[in-house]
Amino acid sequence: MNFNEGAYIHINKPYGMTSFGALARVRYLISRRMHVKRVKTGHAGTLDPLATGVLILCTGRFTKQIESLQLHDKEYTATLQLGATTPSYDREHPVDRTYPTGHITRDLILRTLEQFKGDIMQVPPLFSAVMVNGDRAYKLARDGEDVQLKAKPIHIEELELTLFDPEQMQMSIRVVCGKGTYIRSLARDIGEALGSGAYLTALCRTRLGNVCIEDCLTLDEFPQWLEQQEVELT
């Protein structure tokens with residue numbers, strides 16, 4: 001294996017780690033194995049720190065493929081807590097508002113999900129890496145600035161309810177979507193469409209293109225996998 005010429009590495013990113021943190025760990029181990037200071041490495045599509053799942057890393061010349069890899073469709077599984085919202089639309093921030101949920105039924109959820117299938121407009125989360133006049137939106141938000149993000153076109157190919165717990169007021173969904181889709185924003189919008197609120201309590205990217213989570217290595221498994229490879233040092 002020649003990491004300078006290029007390789008794809010499929011990682012199951014752990015909960016609580018940034019995508020760059022996972023990349024940095026893998027890059028360090030590869031560089032050490034090759035006895036070089038740093039091997040060029042990039043990733044195709046950022047996952048939120050509180051999300052898990054498929055993270056495709058590219059090394060060497062394969063980093064040129066990152067943009068095309070990001071165009072592939074993605075599949076996610078997500079759990080939503082109904083009846084409340086947070087500023088980040090997930091568990092990174094505490095609940096800021098609560099809403100009624102007594103009217104929410106499985107039938108209402110199924111009817112509501114239909115309106116999010118196909119080509120729709122979506123406003124990205126304020127706590128995201130979207131650029132606003134040269135700054136990241138999340139940085140402006142943390143600085144207390146009032147930022148209004150514009151809606152962008154996205155495509156949701158499949159949206160399936162996989163579980164509804166009326167006692168806990170939680171629902172789980174499976175989503176197949178295109179580039180630029182924020183599942184956190186989808187949770188927010190589903191909550192609003194239900195006449196309530198919602199935020200993510202769990203998110204996993206189960207597929208990116210033809211790479212499934214079953215094809216991925218954990219960061220704990222990666223060192224042993226790397227030791228088993230015949231690595232070219234030039």
# chains A, B, ... in the order shown; residues from 1 in each chain; ligands from 1
$ select_by_dssp --residues "region 1-226 of chain A" --states "strand (DSSP E)" --output "JSON, numbers by chain"
{"A": [7, 8, 9, 10, 11, 12, 13, 41, 42, 43, 52, 53, 54, 55, 56, 57, 58, 59, 74, 75, 76, 77, 78, 79, 80, 81, 82, 84, 85, 97, 98, 118, 119, 120, 121, 122, 131, 132, 135, 136, 152, 153, 154, 155, 156, 157, 158, 159, 160, 161, 162, 163, 164, 165, 170, 171, 172, 173, 174, 175, 176, 177, 198, 199, 200, 201, 202, 203, 204, 205, 206, 207, 208, 211, 212]}
$ closest_atom_pairs --of "region 19-88 of chain A" --to "region 101-111 of chain A" --cutoff "12 Å" --atoms "only C-alpha atoms" --output "Markdown table"
| residue | atom | partner | partner_atom | distance |
| --- | --- | --- | --- | --- |
| A:Leu80 | CA | A:Ile109 | CA | 11.9 |
| A:Gln81 | CA | A:Thr101 | CA | 10.6 |
| A:Leu82 | CA | A:Thr101 | CA | 7.2 |
| A:Gly83 | CA | A:Thr101 | CA | 5.6 |
| A:Ala84 | CA | A:Thr101 | CA | 9.3 |
$ write_last_selection --atoms "N, CA and C atoms" --output "short mmCIF file (atom, residue, chain, number, x, y, z; two decimals), in the first residue's frame"
data_model
loop_
_atom_site.label_atom_id
_atom_site.label_comp_id
_atom_site.auth_asym_id
_atom_site.auth_seq_id
_atom_site.Cartn_x
_atom_site.Cartn_y
_atom_site.Cartn_z
N LEU A 80 -34.81 11.61 17.36
CA LEU A 80 -35.26 12.95 17.68
C LEU A 80 -36.03 12.94 18.99
N GLN A 81 -35.73 13.90 19.84
CA GLN A 81 -36.55 14.15 21.03
C GLN A 81 -37.57 15.22 20.67
N LEU A 82 -38.83 14.88 20.79
CA LEU A 82 -39.89 15.83 20.47
C LEU A 82 -40.26 16.66 21.69
N GLY A 83 -40.82 17.84 21.44
CA GLY A 83 -41.31 18.68 22.52
C GLY A 83 -40.31 19.65 23.11
N ALA A 84 -39.14 19.78 22.49
CA ALA A 84 -38.12 20.69 22.99
C ALA A 84 -37.15 21.05 21.87
#
$ select_by_dssp --residues "region 3-225 of chain A" --states "alpha helix (DSSP H)" --output "JSON, numbers by chain"
{"A": [19, 20, 21, 22, 23, 24, 25, 26, 27, 28, 29, 30, 31, 32, 33, 34, 66, 67, 68, 69, 106, 107, 108, 109, 110, 111, 112, 113, 114, 137, 138, 139, 140, 141, 142, 183, 184, 185, 186, 187, 188, 189, 190, 191, 192, 193, 222, 223, 224, 225]}
$ atom_distance --atom1 "CA of Gly45 (chain A)" --atom2 "CA of Ile30 (chain A)"
20.6 Å
$ atom_distance --atom1 "CA of Lys74 (chain A)" --atom2 "CA of Tyr182 (chain A)"
11.1 Å
$ atom_distance --atom1 "CA of Lys117 (chain A)" --atom2 "CA of Thr181 (chain A)"
12.1 Å
$ closest_residue --among "A:Ala198, A:Ile9, A:Cys212, A:Leu55" --to "Thr98 (chain A)" --atoms "only C-alpha atoms"
A:Ala198
$ residues_around --residues "Leu29 (chain A)" --least-positions-apart "2" --cutoff "12 Å" --atoms "only C-alpha atoms" --output "VMD selection string"
chain A and resid 3 22 to 27 31 to 39 41 219 to 220 222 to 227
$ residues_around --residues "Ala187 (chain A)" --least-positions-apart "5" --cutoff "12 Å" --atoms "only C-alpha atoms" --output "JSON, numbers by chain"
{"A": [77, 78, 79, 80, 81, 82, 83, 84, 85, 86, 88, 89, 90, 112, 113, 116, 122, 123, 124, 125, 159, 170, 171, 172, 173, 174, 175, 181, 182, 192, 193, 194, 196, 197, 198, 199, 200, 201, 202, 203]}
$ write_last_selection --atoms "C-alpha atoms" --output "PDB file, in the first residue's frame"
ATOM      1  CA  THR A  77     -30.116   7.061  11.144  1.00  0.00           C
ATOM      2  CA  ALA A  78     -31.236   9.614  13.706  1.00  0.00           C
ATOM      3  CA  THR A  79     -33.217   9.838  16.932  1.00  0.00           C
ATOM      4  CA  LEU A  80     -35.256  12.953  17.685  1.00  0.00           C
ATOM      5  CA  GLN A  81     -36.545  14.151  21.027  1.00  0.00           C
ATOM      6  CA  LEU A  82     -39.888  15.826  20.470  1.00  0.00           C
ATOM      7  CA  GLY A  83     -41.311  18.683  22.523  1.00  0.00           C
ATOM      8  CA  ALA A  84     -38.123  20.693  22.991  1.00  0.00           C
ATOM      9  CA  THR A  85     -35.412  22.567  21.108  1.00  0.00           C
ATOM     10  CA  THR A  86     -31.769  23.489  21.636  1.00  0.00           C
ATOM     11  CA  SER A  88     -27.629  23.739  18.053  1.00  0.00           C
ATOM     12  CA  TYR A  89     -30.563  21.384  17.290  1.00  0.00           C
ATOM     13  CA  ASP A  90     -28.706  18.559  19.078  1.00  0.00           C
ATOM     14  CA  THR A 112     -45.585  15.175   8.195  1.00  0.00           C
ATOM     15  CA  LEU A 113     -42.532  13.312   6.937  1.00  0.00           C
ATOM     16  CA  PHE A 116     -39.762  16.614   3.433  1.00  0.00           C
ATOM     17  CA  GLN A 122     -33.372  24.073   4.139  1.00  0.00           C
ATOM     18  CA  VAL A 123     -31.776  26.681   6.410  1.00  0.00           C
ATOM     19  CA  PRO A 124     -28.450  25.372   7.802  1.00  0.00           C
ATOM     20  CA  PRO A 125     -27.915  25.334  11.578  1.00  0.00           C
ATOM     21  CA  LEU A 159     -37.250   9.469   4.723  1.00  0.00           C
ATOM     22  CA  GLN A 170     -38.972  10.152  20.766  1.00  0.00           C
ATOM     23  CA  MET A 171     -38.868   9.115  17.133  1.00  0.00           C
ATOM     24  CA  SER A 172     -36.176   7.516  14.988  1.00  0.00           C
ATOM     25  CA  ILE A 173     -35.770   7.995  11.251  1.00  0.00           C
ATOM     26  CA  ARG A 174     -33.681   6.732   8.360  1.00  0.00           C
ATOM     27  CA  VAL A 175     -32.685   9.363   5.801  1.00  0.00           C
ATOM     28  CA  THR A 181     -28.243  18.256   3.926  1.00  0.00           C
ATOM     29  CA  TYR A 182     -28.116  18.942   7.654  1.00  0.00           C
ATOM     30  CA  GLU A 192     -41.936  22.772  13.673  1.00  0.00           C
ATOM     31  CA  ALA A 193     -44.072  20.938  11.103  1.00  0.00           C
ATOM     32  CA  LEU A 194     -45.496  18.793  13.921  1.00  0.00           C
ATOM     33  CA  SER A 196     -43.976  21.301  18.448  1.00  0.00           C
ATOM     34  CA  GLY A 197     -40.187  21.217  18.659  1.00  0.00           C
ATOM     35  CA  ALA A 198     -37.460  18.630  18.152  1.00  0.00           C
ATOM     36  CA  TYR A 199     -33.722  18.138  18.464  1.00  0.00           C
ATOM     37  CA  LEU A 200     -31.310  15.285  17.748  1.00  0.00           C
ATOM     38  CA  THR A 201     -30.270  12.942  20.528  1.00  0.00           C
ATOM     39  CA  ALA A 202     -28.364  10.541  18.235  1.00  0.00           C
ATOM     40  CA  LEU A 203     -27.029  10.634  14.678  1.00  0.00           C
TER      41      LEU A 203
END
$ residues_around --residues "Gly209 (chain A)" --least-positions-apart "4" --cutoff "12 Å" --atoms "only C-alpha atoms" --output "PyMOL selection string"
chain A and resi 10+44-45+54-56+68-76+176-179+205+213+215
$ residues_around --residues "Cys58 (chain A)" --least-positions-apart "2" --cutoff "8 Å" --atoms "only C-alpha atoms" --output "PyMOL selection string"
chain A and resi 6-9+41-44+56+60+62-63+65-66
$ closest_residue --among "A:Gly118, A:Met169, A:Phe164, A:Cys204" --to "Ala51 (chain A)" --atoms "only C-alpha atoms"
A:Cys204
$ closest_residue --among "A:Ile183, A:Leu126, A:Met121, A:Ile11" --to "Thr218 (chain A)" --atoms "only C-alpha atoms"
A:Ile11
